[in-house]
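Asker: This is upload38.tsv (TSV, C-alpha atoms).
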```tsv
chain	number	residue	atom	x	y	z
A	1	MET	CA	31.11	26.20	-18.75
A	2	SER	CA	31.51	25.85	-22.52
A	3	ALA	CA	34.93	25.53	-24.13
A	4	PRO	CA	36.85	23.42	-26.60
A	5	HIS	CA	38.28	20.33	-24.96
A	6	PRO	CA	40.68	17.92	-26.62
A	7	MET	CA	40.02	15.04	-24.25
A	8	SER	CA	37.83	12.24	-25.55
A	9	TYR	CA	35.17	10.57	-23.45
A	10	GLU	CA	37.32	7.47	-23.09
A	11	ALA	CA	40.33	9.52	-22.00
A	12	PHE	CA	38.30	11.46	-19.47
A	13	VAL	CA	36.84	8.27	-17.97
A	14	ALA	CA	40.36	6.86	-17.65
A	15	ARG	CA	41.58	10.06	-15.96
A	16	ALA	CA	38.62	10.19	-13.57
A	17	THR	CA	38.90	6.51	-12.72
A	18	ALA	CA	42.57	7.00	-11.80
A	19	ASP	CA	41.67	9.87	-9.43
A	20	PRO	CA	41.04	8.51	-5.90
A	21	ALA	CA	38.75	11.46	-5.17
A	22	VAL	CA	36.28	10.12	-7.73
A	23	VAL	CA	33.98	7.54	-6.14
A	24	GLY	CA	31.48	7.25	-8.96
A	25	LEU	CA	30.90	7.78	-12.67
A	26	VAL	CA	27.38	7.63	-14.08
A	27	LEU	CA	26.53	7.94	-17.77
A	28	LYS	CA	23.14	9.41	-18.65
A	29	GLY	CA	21.32	10.56	-21.78
A	30	SER	CA	21.24	9.01	-25.23
A	31	ARG	CA	24.45	7.05	-24.67
A	32	ALA	CA	22.80	5.26	-21.75
A	33	HIS	CA	19.71	4.34	-23.80
A	34	GLU	CA	20.50	1.44	-26.10
A	35	GLY	CA	19.93	2.35	-29.73
A	36	MET	CA	19.26	6.06	-29.09
A	37	ALA	CA	22.69	7.55	-29.73
A	38	THR	CA	23.32	9.34	-33.02
A	39	ARG	CA	26.42	10.92	-34.51
A	40	TYR	CA	25.40	14.14	-32.76
A	41	SER	CA	25.21	12.56	-29.30
A	42	ASP	CA	27.77	13.59	-26.72
A	43	HIS	CA	28.50	11.78	-23.45
A	44	ASP	CA	26.69	13.13	-20.38
A	45	LEU	CA	28.46	12.16	-17.18
A	46	TYR	CA	27.89	12.59	-13.48
A	47	VAL	CA	31.27	12.66	-11.76
A	48	VAL	CA	30.74	11.77	-8.11
A	49	LEU	CA	33.36	12.91	-5.61
A	50	ALA	CA	34.05	11.79	-2.07
A	51	GLU	CA	32.93	14.28	0.57
A	52	GLY	CA	35.62	16.90	1.15
A	53	ALA	CA	37.95	15.45	-1.46
A	54	ALA	CA	40.40	17.79	-3.19
A	55	THR	CA	40.69	17.32	-6.93
A	56	GLY	CA	41.07	19.50	-9.97
A	57	LEU	CA	38.07	17.73	-11.53
A	58	ALA	CA	35.76	19.73	-9.27
A	59	ALA	CA	36.41	22.79	-11.45
A	60	LEU	CA	34.88	20.97	-14.42
A	61	ASP	CA	31.35	21.03	-13.02
A	62	GLY	CA	29.10	22.33	-15.79
A	63	PHE	CA	31.68	21.74	-18.51
A	64	ARG	CA	30.13	21.36	-21.96
A	65	SER	CA	31.69	20.51	-25.30
A	66	ALA	CA	30.70	18.63	-28.43
A	67	ARG	CA	32.07	15.48	-26.79
A	68	LEU	CA	31.40	15.80	-23.07
A	69	ASP	CA	28.87	17.27	-20.67
A	70	LEU	CA	29.95	17.00	-17.04
A	71	VAL	CA	28.10	17.39	-13.77
A	72	VAL	CA	30.43	17.12	-10.77
A	73	VAL	CA	28.75	16.44	-7.43
A	74	THR	CA	29.51	14.90	-4.08
A	75	ALA	CA	27.97	11.56	-3.18
A	76	ALA	CA	25.44	13.28	-0.90
A	77	GLU	CA	24.49	15.72	-3.66
A	78	PHE	CA	24.03	12.84	-6.09
A	79	ASP	CA	21.68	11.14	-3.64
A	80	ARG	CA	19.53	14.28	-3.50
A	81	LEU	CA	19.22	14.85	-7.24
A	82	GLY	CA	15.66	14.56	-8.47
A	83	ASP	CA	12.83	16.48	-10.11
A	84	TRP	CA	13.69	16.91	-13.80
A	85	GLU	CA	16.89	14.87	-13.38
A	86	ARG	CA	15.12	11.90	-11.89
A	87	TYR	CA	14.36	10.06	-15.12
A	88	ALA	CA	17.88	10.70	-16.43
A	89	ILE	CA	19.32	9.05	-13.34
A	90	ALA	CA	16.79	6.21	-13.31
A	91	ARG	CA	17.91	5.05	-16.75
A	92	ALA	CA	21.58	5.96	-16.31
A	93	ARG	CA	24.46	3.50	-16.54
A	94	VAL	CA	26.83	3.17	-13.58
A	95	LEU	CA	30.40	3.03	-14.83
A	96	LEU	CA	32.16	3.27	-11.46
A	97	ASP	CA	30.95	2.72	-7.90
A	98	ARG	CA	33.56	2.80	-5.16
A	99	LEU	CA	31.00	3.13	-2.38
A	100	GLY	CA	30.05	-0.50	-1.97
A	101	GLY	CA	27.05	-0.28	-4.26
A	102	ARG	CA	25.62	2.97	-2.84
A	103	ILE	CA	25.64	4.76	-6.20
A	104	THR	CA	24.10	1.77	-7.95
A	105	ARG	CA	21.34	1.63	-5.32
A	106	THR	CA	20.69	5.35	-5.68
A	107	VAL	CA	20.26	4.98	-9.44
A	108	ALA	CA	17.86	2.08	-8.96
A	109	ALA	CA	15.87	3.98	-6.32
A	110	LYS	CA	15.30	6.96	-8.63
A	111	GLY	CA	13.30	4.71	-10.92
A	112	ARG	CA	10.72	3.77	-8.30
A	113	LEU	CA	8.38	6.28	-6.63
A	114	GLY	CA	7.29	5.59	-3.08
A	115	ALA	CA	3.62	4.76	-2.63
A	116	ALA	CA	2.75	8.03	-0.87
A	117	GLU	CA	4.73	10.12	-3.33
A	118	ALA	CA	3.16	8.35	-6.31
A	119	SER	CA	-0.35	8.88	-4.93
A	120	ARG	CA	0.31	12.57	-4.27
A	121	VAL	CA	1.78	13.17	-7.72
A	122	ALA	CA	-1.00	11.22	-9.43
A	123	ALA	CA	-3.76	13.19	-7.72
A	124	ALA	CA	-2.17	16.52	-8.64
A	125	ARG	CA	-1.48	15.55	-12.25
A	126	LEU	CA	-4.93	14.01	-12.66
A	127	ASP	CA	-6.56	17.31	-11.74
A	128	ALA	CA	-4.21	19.26	-14.03
A	129	TYR	CA	-4.86	16.84	-16.88
A	130	ALA	CA	-8.62	17.07	-16.39
A	131	ASN	CA	-8.42	20.87	-16.35
A	132	ALA	CA	-6.48	21.13	-19.63
A	133	HIS	CA	-8.62	18.42	-21.23
A	134	TYR	CA	-11.82	20.26	-20.24
A	135	ARG	CA	-10.53	23.58	-21.57
A	136	SER	CA	-9.58	21.96	-24.86
A	137	LEU	CA	-13.05	20.51	-25.35
A	138	LYS	CA	-14.72	23.79	-24.35
A	139	ASN	CA	-12.61	25.71	-26.83
A	140	ALA	CA	-13.36	23.21	-29.59
A	141	ARG	CA	-17.08	23.46	-28.80
A	142	ASP	CA	-16.95	27.26	-28.80
A	143	GLY	CA	-15.13	27.59	-32.12
A	144	SER	CA	-11.57	28.32	-30.94
A	145	PRO	CA	-9.56	25.58	-32.69
A	146	LEU	CA	-6.08	26.94	-31.99
A	147	ALA	CA	-6.78	27.31	-28.26
A	148	ALA	CA	-8.31	23.83	-28.29
A	149	ARG	CA	-5.19	22.30	-29.83
A	150	LEU	CA	-2.87	24.15	-27.46
A	151	ASP	CA	-4.83	22.99	-24.41
A	152	ALA	CA	-4.91	19.45	-25.79
A	153	ALA	CA	-1.13	19.48	-26.13
A	154	ASP	CA	-0.78	20.87	-22.59
A	155	SER	CA	-3.02	18.14	-21.22
A	156	LEU	CA	-0.77	15.35	-22.48
A	157	GLY	CA	2.22	16.41	-20.41
A	158	PHE	CA	0.10	16.13	-17.27
A	159	LEU	CA	-1.38	12.87	-18.53
A	160	LEU	CA	2.00	11.22	-18.98
A	161	GLU	CA	3.14	12.29	-15.51
A	162	LEU	CA	-0.12	10.83	-14.17
A	163	LEU	CA	0.19	7.50	-15.96
A	164	PHE	CA	3.80	6.99	-14.94
A	165	ALA	CA	3.03	8.04	-11.36
A	166	LEU	CA	0.25	5.45	-11.24
A	167	ASP	CA	2.92	2.93	-12.28
A	168	ARG	CA	5.23	4.45	-9.61
A	169	ARG	CA	7.79	5.60	-12.17
A	170	PRO	CA	9.16	9.00	-13.21
A	171	ARG	CA	7.90	10.28	-16.54
A	172	PRO	CA	10.47	9.88	-19.32
A	173	TYR	CA	11.53	12.82	-21.44
A	174	ASN	CA	9.55	13.02	-24.69
A	175	LYS	CA	12.61	11.86	-26.62
A	176	TYR	CA	12.63	8.57	-24.73
A	177	LEU	CA	8.87	7.93	-24.41
A	178	GLU	CA	8.66	5.35	-27.20
A	179	TRP	CA	11.96	3.77	-26.11
A	180	GLU	CA	10.68	3.48	-22.54
A	181	LEU	CA	7.29	2.04	-23.44
A	182	ALA	CA	8.77	-0.45	-25.89
A	183	ARG	CA	10.94	-1.91	-23.12
A	184	PHE	CA	8.89	-1.16	-20.00
A	185	PRO	CA	5.18	-0.88	-20.91
A	186	LEU	CA	2.80	0.81	-18.53
A	187	SER	CA	0.80	-1.74	-16.58
A	188	GLY	CA	-2.69	-2.14	-18.04
A	189	TRP	CA	-2.03	-0.06	-21.16
A	190	ASP	CA	-1.62	-1.12	-24.77
A	191	THR	CA	1.46	0.80	-25.88
A	192	ARG	CA	0.53	0.99	-29.56
A	193	ARG	CA	-2.98	2.30	-28.85
A	194	LEU	CA	-1.71	4.82	-26.34
A	195	LEU	CA	0.93	6.21	-28.70
A	196	THR	CA	-1.59	6.35	-31.54
A	197	ALA	CA	-3.97	8.37	-29.37
A	198	LEU	CA	-1.17	10.74	-28.35
A	199	GLY	CA	-0.31	11.23	-32.01
A	200	ARG	CA	-3.91	12.01	-32.98
A	201	ILE	CA	-4.28	14.50	-30.17
A	202	THR	CA	-0.98	16.30	-30.69
A	203	GLY	CA	-1.43	16.31	-34.45
A	204	ALA	CA	-4.92	17.74	-34.70
A	205	GLY	CA	-6.41	18.08	-31.23
A	206	ASP	CA	-8.77	15.22	-32.12
A	207	VAL	CA	-11.77	15.66	-29.80
A	208	ASP	CA	-12.99	12.08	-30.09
A	209	ALA	CA	-9.50	10.76	-29.33
A	210	GLN	CA	-9.30	13.05	-26.29
A	211	ARG	CA	-12.62	11.86	-24.91
A	212	GLU	CA	-11.83	8.21	-25.55
A	213	LEU	CA	-8.49	8.54	-23.79
A	214	PHE	CA	-10.05	10.40	-20.87
A	215	GLY	CA	-12.61	7.63	-20.46
A	216	ARG	CA	-9.80	5.09	-20.12
A	217	VAL	CA	-7.88	7.33	-17.74
A	218	GLU	CA	-10.97	7.90	-15.59
A	219	ALA	CA	-11.51	4.18	-15.13
A	220	VAL	CA	-7.85	3.61	-14.23
A	221	ALA	CA	-7.70	6.60	-11.88
A	222	ARG	CA	-10.87	5.55	-10.03
A	223	ALA	CA	-9.51	2.04	-9.63
A	224	ALA	CA	-6.35	3.55	-8.14
A	225	GLY	CA	-8.32	5.46	-5.50
A	226	HIS	CA	-8.56	8.90	-7.09
A	227	ALA	CA	-12.35	9.12	-7.45
A	228	ALA	CA	-12.58	12.24	-5.28
A	229	THR	CA	-10.36	14.23	-7.64
A	230	LEU	CA	-12.61	13.30	-10.55
A	231	ASP	CA	-15.90	13.74	-8.72
A	232	ALA	CA	-14.92	17.32	-7.86
A	233	TRP	CA	-15.51	18.12	-11.55
A	234	GLY	CA	-19.20	17.36	-11.12
A	235	ASP	CA	-21.40	17.82	-14.19
A	236	ASP	CA	-18.41	18.98	-16.26
A	237	LEU	CA	-17.42	15.33	-16.57
A	238	GLY	CA	-20.24	15.00	-19.09
A	239	LEU	CA	-18.30	17.09	-21.59
A	240	MET	CA	-15.04	15.33	-20.85
A	241	ARG	CA	-16.17	11.72	-21.25
A	242	PRO	CA	-16.76	9.74	-24.44
A	243	ALA	CA	-20.25	10.33	-25.82
A	244	ALA	CA	-21.30	6.74	-25.07
A	245	VAL	CA	-20.52	7.06	-21.36
A	246	ARG	CA	-23.47	8.36	-19.34
A	247	ARG	CA	-22.41	7.34	-15.86
A	248	VAL	CA	-19.35	6.31	-13.89
A	249	PRO	CA	-18.23	2.78	-14.92
```
Let me see whether you can do it: turn the structure in this file into structure tokens.
Answerer:
Amino acid sequence: MSAPHPMSYEAFVARATADPAVVGLVLKGSRAHEGMATRYSDHDLYVVLAEGAATGLAALDGFRSARLDLVVVTAAEFDRLGDWERYAIARARVLLDRLGGRITRTVAAKGRLGAAEASRVAAARLDAYANAHYRSLKNARDGSPLAARLDAADSLGFLLELLFALDRRPRPYNKYLEWELARFPLSGWDTRRLLTALGRITGAGDVDAQRELFGRVEAVARAAGHAATLDAWGDDLGLMRPAAVRRVP
């Protein structure tokens, strides 16, 4: 729902807080990331309602304006939110929690993947990353530079999901990647070197940078128990690894 709306963020929060049907308010997006808001930033809010509560605020689900974006859900629906919304919730700011800390706990839980889930996601994203990485190097070798750069760019999305899954965290949106790593570095990774490699690969599809990064990823993935996913690539690993690497570390 898009429409002009005269109510400011502060006025809406006051109205929602005064409504007994509202059991939670959660701010997400740039306004919840310290230092990320600009003059163009609106306020993105989850408005959490009690189950079965009657309130006119329910009709504002999906409301969008230059000042406010609203998602109105029940407490149970908020608990179930995930997938693309997971990072947004994990770094959100709880403004109101009338459920004895339940909403606050839900927000905290979204930021930590369970061990089985993290392992499953990591294995899948490792294979997807290896696939795109391999295609990029093949295309570069075969004289198809545009295809090589496109596959290199594709590979990095899978790579970031893999690295954050190995750290049992949801991948941040690209906008917040540097913000996230500056405050919460990935275990075992030098943030500056990682970001430099990502820049070289996205900027020019740098083959050497891709191989060097893959070599680091391979070592980390094997240490995390994902050797089988890598070994399934067989002799193709020779193309994917840095030139100096002749065998598994």
Asker: Can you tell me how far CA of Gly234 in chain A sits from CA of Phe164 in chain A, in Å to one decimal?
Answerer: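 About the pair CA of Gly234 in chain A and CA of Phe164 in chain A: they are 25.5 Å apart.
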Asker: Mind giving me the straight-line distance from CA of Thr196 in chain A to CA of Ala219 in chain A in Å, one decimal?
Answerer: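 CA of Thr196 in chain A sits 19.3 Å away from CA of Ala219 in chain A.
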Asker: In Å, with one decimal, what is the gap from CA of Gly56 in chain A to CA of His33 in chain A?
Answerer: 29.6 Å
Asker: For Pro145 in chain A, which residue among A:Val207, A:Ala50, A:Ala76, A:Ala14 is the nearest when counting all atoms listed in the file?
Answerer: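 Under the stated criterion, the closest residue is A:Val207.
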Asker: Which residue, A:Asp97, A:Ser8, A:Ala223, A:Ser119, has the smallest gap to Ser65 in chain A when you use only C-alpha atoms?
Answerer: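 Looking only at the distances to Ser65 in chain A, the closest residue turns out to be A:Ser8.
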Asker: Hey, can you pull every residue with an atom no more than 12 Å from (0.2, 19.1, -25.6), using only C-alpha atoms, and send it as a ChimeraX atom specification?
Answerer: /A:129,132-133,136,146-160,174,198-206,210
Asker: Select, from A:Leu99, A:Ala37, A:Ala90, A:Leu25, the residue with the minimum atom-to-atom distance to Val71 in chain A, counting all atoms listed in the file.
Answerer: A:Leu25
Asker: Which residue is closest to Thr229 in chain A? Choose from A:Ala122, A:Val47, A:Ala197, A:Ala32 and count all atoms listed in the file.
Answerer: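 Nearest candidate to Thr229 in chain A out of A:Ala122, A:Val47, A:Ala197, A:Ala32: A:Ala122.
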Asker: Which residues, written as a PyMOL selection string, have at least one atom at most 7 Å from Tyr9 in chain A, with all atoms listed in the file counted and residues fewer than 2 positions away on the same chain left out?
Answerer: chain A and resi 7+11-13+43+67-68
Asker: From the list A:Tyr87, A:Leu57, A:Val48, A:Tyr40, which residue is nearest Tyr173 in chain A when using only C-alpha atoms?
Answerer: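 Closest to Tyr173 in chain A of all the choices is A:Tyr87.
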Asker: Check the smallest atom-to-atom distance from each of A:Arg91, A:Arg86, A:Lys28, A:Arg15 to Glu180 in chain A using only C-alpha atoms, then report the winner.
Answerer: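 Looking only at the distances to Glu180 in chain A, the closest residue turns out to be A:Arg91.
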Asker: Considering only C-alpha atoms, return as a list in words whatever protein or nucleic-acid residues lie within 12 Å of Arg39 in chain A, sequence-local ones (same chain, fewer than 6 positions apart) excluded.
Answerer: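 These residues fall inside the cut-off: Ser30, Arg31, Ala66 and Arg67 of chain A.
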Asker: Using only C-alpha atoms - which residues lie no farther than 12 Å from the point (18.4, 13.8, -12.5) in the file's frame? Write them as a short mmCIF file (atom, residue, chain, number, x, y, z; two decimals) with C-alpha atoms, in the coordinates of the input.
Answerer:
```
data_model
loop_
_atom_site.label_atom_id
_atom_site.label_comp_id
_atom_site.auth_asym_id
_atom_site.auth_seq_id
_atom_site.Cartn_x
_atom_site.Cartn_y
_atom_site.Cartn_z
CA VAL A 26 27.38 7.63 -14.08
CA LEU A 27 26.53 7.94 -17.77
CA LYS A 28 23.14 9.41 -18.65
CA GLY A 29 21.32 10.56 -21.78
CA ASP A 44 26.69 13.13 -20.38
CA LEU A 45 28.46 12.16 -17.18
CA TYR A 46 27.89 12.59 -13.48
CA VAL A 71 28.10 17.39 -13.77
CA VAL A 73 28.75 16.44 -7.43
CA GLU A 77 24.49 15.72 -3.66
CA PHE A 78 24.03 12.84 -6.09
CA ASP A 79 21.68 11.14 -3.64
CA ARG A 80 19.53 14.28 -3.50
CA LEU A 81 19.22 14.85 -7.24
CA GLY A 82 15.66 14.56 -8.47
CA ASP A 83 12.83 16.48 -10.11
CA TRP A 84 13.69 16.91 -13.80
CA GLU A 85 16.89 14.87 -13.38
CA ARG A 86 15.12 11.90 -11.89
CA TYR A 87 14.36 10.06 -15.12
CA ALA A 88 17.88 10.70 -16.43
CA ILE A 89 19.32 9.05 -13.34
CA ALA A 90 16.79 6.21 -13.31
CA ARG A 91 17.91 5.05 -16.75
CA ALA A 92 21.58 5.96 -16.31
CA THR A 106 20.69 5.35 -5.68
CA VAL A 107 20.26 4.98 -9.44
CA ALA A 109 15.87 3.98 -6.32
CA LYS A 110 15.30 6.96 -8.63
CA GLY A 111 13.30 4.71 -10.92
CA PRO A 170 9.16 9.00 -13.21
CA ARG A 171 7.90 10.28 -16.54
CA PRO A 172 10.47 9.88 -19.32
CA TYR A 173 11.53 12.82 -21.44
#
```
Asker: Start from the incomplete input, build all heavy atoms for range 162-173 of chain A, and deliver everything as a PDB file, in the frame of the given file.
Answerer:
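See selection-v8.pdb below for the written result:
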```
ATOM      1  N   LEU A 162       0.879  11.604 -14.910  1.00  0.00           N
ATOM      2  CA  LEU A 162      -0.120  10.830 -14.170  1.00  0.00           C
ATOM      3  C   LEU A 162       0.050   9.337 -14.403  1.00  0.00           C
ATOM      4  O   LEU A 162       0.113   8.547 -13.450  1.00  0.00           O
ATOM      5  CB  LEU A 162      -1.517  11.274 -14.602  1.00  0.00           C
ATOM      6  CG  LEU A 162      -2.680  10.339 -14.245  1.00  0.00           C
ATOM      7  CD1 LEU A 162      -2.841  10.221 -12.738  1.00  0.00           C
ATOM      8  CD2 LEU A 162      -3.972  10.812 -14.912  1.00  0.00           C
ATOM      9  N   LEU A 163       0.123   8.926 -15.661  1.00  0.00           N
ATOM     10  CA  LEU A 163       0.190   7.500 -15.960  1.00  0.00           C
ATOM     11  C   LEU A 163       1.448   6.859 -15.392  1.00  0.00           C
ATOM     12  O   LEU A 163       1.400   5.736 -14.862  1.00  0.00           O
ATOM     13  CB  LEU A 163       0.125   7.274 -17.473  1.00  0.00           C
ATOM     14  CG  LEU A 163      -1.172   7.695 -18.167  1.00  0.00           C
ATOM     15  CD1 LEU A 163      -1.121   7.316 -19.647  1.00  0.00           C
ATOM     16  CD2 LEU A 163      -2.393   7.077 -17.496  1.00  0.00           C
ATOM     17  N   PHE A 164       2.573   7.562 -15.491  1.00  0.00           N
ATOM     18  CA  PHE A 164       3.800   6.990 -14.940  1.00  0.00           C
ATOM     19  C   PHE A 164       3.781   7.011 -13.409  1.00  0.00           C
ATOM     20  O   PHE A 164       4.325   6.100 -12.768  1.00  0.00           O
ATOM     21  CB  PHE A 164       5.024   7.712 -15.509  1.00  0.00           C
ATOM     22  CG  PHE A 164       5.409   7.209 -16.864  1.00  0.00           C
ATOM     23  CD1 PHE A 164       4.918   7.824 -18.013  1.00  0.00           C
ATOM     24  CD2 PHE A 164       6.227   6.102 -17.005  1.00  0.00           C
ATOM     25  CE1 PHE A 164       5.245   7.334 -19.273  1.00  0.00           C
ATOM     26  CE2 PHE A 164       6.562   5.604 -18.260  1.00  0.00           C
ATOM     27  CZ  PHE A 164       6.062   6.225 -19.404  1.00  0.00           C
ATOM     28  N   ALA A 165       3.152   8.025 -12.815  1.00  0.00           N
ATOM     29  CA  ALA A 165       3.030   8.040 -11.360  1.00  0.00           C
ATOM     30  C   ALA A 165       2.161   6.882 -10.877  1.00  0.00           C
ATOM     31  O   ALA A 165       2.456   6.250  -9.849  1.00  0.00           O
ATOM     32  CB  ALA A 165       2.447   9.371 -10.882  1.00  0.00           C
ATOM     33  N   LEU A 166       1.086   6.587 -11.607  1.00  0.00           N
ATOM     34  CA  LEU A 166       0.250   5.450 -11.240  1.00  0.00           C
ATOM     35  C   LEU A 166       1.027   4.140 -11.315  1.00  0.00           C
ATOM     36  O   LEU A 166       0.710   3.174 -10.612  1.00  0.00           O
ATOM     37  CB  LEU A 166      -0.982   5.383 -12.149  1.00  0.00           C
ATOM     38  CG  LEU A 166      -2.036   6.474 -11.945  1.00  0.00           C
ATOM     39  CD1 LEU A 166      -3.117   6.374 -13.018  1.00  0.00           C
ATOM     40  CD2 LEU A 166      -2.667   6.375 -10.554  1.00  0.00           C
ATOM     41  N   ASP A 167       2.042   4.100 -12.166  1.00  0.00           N
ATOM     42  CA  ASP A 167       2.920   2.930 -12.280  1.00  0.00           C
ATOM     43  C   ASP A 167       4.144   3.069 -11.375  1.00  0.00           C
ATOM     44  O   ASP A 167       5.079   2.263 -11.470  1.00  0.00           O
ATOM     45  CB  ASP A 167       3.358   2.754 -13.729  1.00  0.00           C
ATOM     46  CG  ASP A 167       3.509   1.287 -14.111  1.00  0.00           C
ATOM     47  OD1 ASP A 167       2.736   0.451 -13.611  1.00  0.00           O
ATOM     48  OD2 ASP A 167       4.406   0.975 -14.914  1.00  0.00           O
ATOM     49  N   ARG A 168       4.159   4.159 -10.568  1.00  0.00           N
ATOM     50  CA  ARG A 168       5.230   4.450  -9.610  1.00  0.00           C
ATOM     51  C   ARG A 168       6.590   4.606 -10.293  1.00  0.00           C
ATOM     52  O   ARG A 168       7.606   4.138  -9.804  1.00  0.00           O
ATOM     53  CB  ARG A 168       5.264   3.387  -8.513  1.00  0.00           C
ATOM     54  CG  ARG A 168       4.014   3.387  -7.630  1.00  0.00           C
ATOM     55  CD  ARG A 168       4.038   2.357  -6.545  1.00  0.00           C
ATOM     56  NE  ARG A 168       5.164   2.565  -5.629  1.00  0.00           N
ATOM     57  CZ  ARG A 168       5.422   1.773  -4.578  1.00  0.00           C
ATOM     58  NH1 ARG A 168       4.624   0.753  -4.333  1.00  0.00           N
ATOM     59  NH2 ARG A 168       6.456   2.025  -3.801  1.00  0.00           N
ATOM     60  N   ARG A 169       6.573   5.327 -11.414  1.00  0.00           N
ATOM     61  CA  ARG A 169       7.790   5.600 -12.170  1.00  0.00           C
ATOM     62  C   ARG A 169       7.852   7.074 -12.552  1.00  0.00           C
ATOM     63  O   ARG A 169       6.810   7.712 -12.715  1.00  0.00           O
ATOM     64  CB  ARG A 169       7.805   4.761 -13.467  1.00  0.00           C
ATOM     65  CG  ARG A 169       7.937   3.283 -13.225  1.00  0.00           C
ATOM     66  CD  ARG A 169       7.332   2.469 -14.360  1.00  0.00           C
ATOM     67  NE  ARG A 169       7.946   2.738 -15.659  1.00  0.00           N
ATOM     68  CZ  ARG A 169       7.496   2.194 -16.800  1.00  0.00           C
ATOM     69  NH1 ARG A 169       6.457   1.381 -16.803  1.00  0.00           N
ATOM     70  NH2 ARG A 169       8.085   2.470 -17.942  1.00  0.00           N
ATOM     71  N   PRO A 170       9.059   7.635 -12.706  1.00  0.00           N
ATOM     72  CA  PRO A 170       9.160   9.000 -13.210  1.00  0.00           C
ATOM     73  C   PRO A 170       8.833   9.043 -14.690  1.00  0.00           C
ATOM     74  O   PRO A 170       9.131   8.102 -15.431  1.00  0.00           O
ATOM     75  CB  PRO A 170      10.631   9.366 -12.953  1.00  0.00           C
ATOM     76  CG  PRO A 170      11.352   8.056 -12.977  1.00  0.00           C
ATOM     77  CD  PRO A 170      10.386   7.046 -12.411  1.00  0.00           C
ATOM     78  N   ARG A 171       8.222  10.129 -15.120  1.00  0.00           N
ATOM     79  CA  ARG A 171       7.900  10.280 -16.540  1.00  0.00           C
ATOM     80  C   ARG A 171       9.184  10.433 -17.350  1.00  0.00           C
ATOM     81  O   ARG A 171      10.067  11.207 -17.002  1.00  0.00           O
ATOM     82  CB  ARG A 171       7.033  11.523 -16.736  1.00  0.00           C
ATOM     83  CG  ARG A 171       6.804  11.884 -18.195  1.00  0.00           C
ATOM     84  CD  ARG A 171       6.213  13.270 -18.341  1.00  0.00           C
ATOM     85  NE  ARG A 171       6.259  13.717 -19.724  1.00  0.00           N
ATOM     86  CZ  ARG A 171       5.867  14.919 -20.137  1.00  0.00           C
ATOM     87  NH1 ARG A 171       5.401  15.793 -19.257  1.00  0.00           N
ATOM     88  NH2 ARG A 171       5.956  15.244 -21.415  1.00  0.00           N
ATOM     89  N   PRO A 172       9.292   9.701 -18.458  1.00  0.00           N
ATOM     90  CA  PRO A 172      10.470   9.880 -19.320  1.00  0.00           C
ATOM     91  C   PRO A 172      10.387  11.187 -20.093  1.00  0.00           C
ATOM     92  O   PRO A 172       9.304  11.738 -20.292  1.00  0.00           O
ATOM     93  CB  PRO A 172      10.395   8.678 -20.263  1.00  0.00           C
ATOM     94  CG  PRO A 172       8.943   8.329 -20.312  1.00  0.00           C
ATOM     95  CD  PRO A 172       8.396   8.634 -18.949  1.00  0.00           C
ATOM     96  N   TYR A 173      11.521  11.680 -20.531  1.00  0.00           N
ATOM     97  CA  TYR A 173      11.530  12.820 -21.440  1.00  0.00           C
ATOM     98  C   TYR A 173      10.847  12.388 -22.742  1.00  0.00           C
ATOM     99  O   TYR A 173      10.854  11.214 -23.114  1.00  0.00           O
ATOM    100  CB  TYR A 173      12.954  13.275 -21.718  1.00  0.00           C
ATOM    101  CG  TYR A 173      13.784  13.523 -20.478  1.00  0.00           C
ATOM    102  CD1 TYR A 173      15.127  13.191 -20.441  1.00  0.00           C
ATOM    103  CD2 TYR A 173      13.214  14.081 -19.327  1.00  0.00           C
ATOM    104  CE1 TYR A 173      15.902  13.410 -19.301  1.00  0.00           C
ATOM    105  CE2 TYR A 173      13.973  14.301 -18.185  1.00  0.00           C
ATOM    106  CZ  TYR A 173      15.311  13.961 -18.178  1.00  0.00           C
ATOM    107  OH  TYR A 173      16.064  14.170 -17.053  1.00  0.00           O
TER     108      TYR A 173
END
```
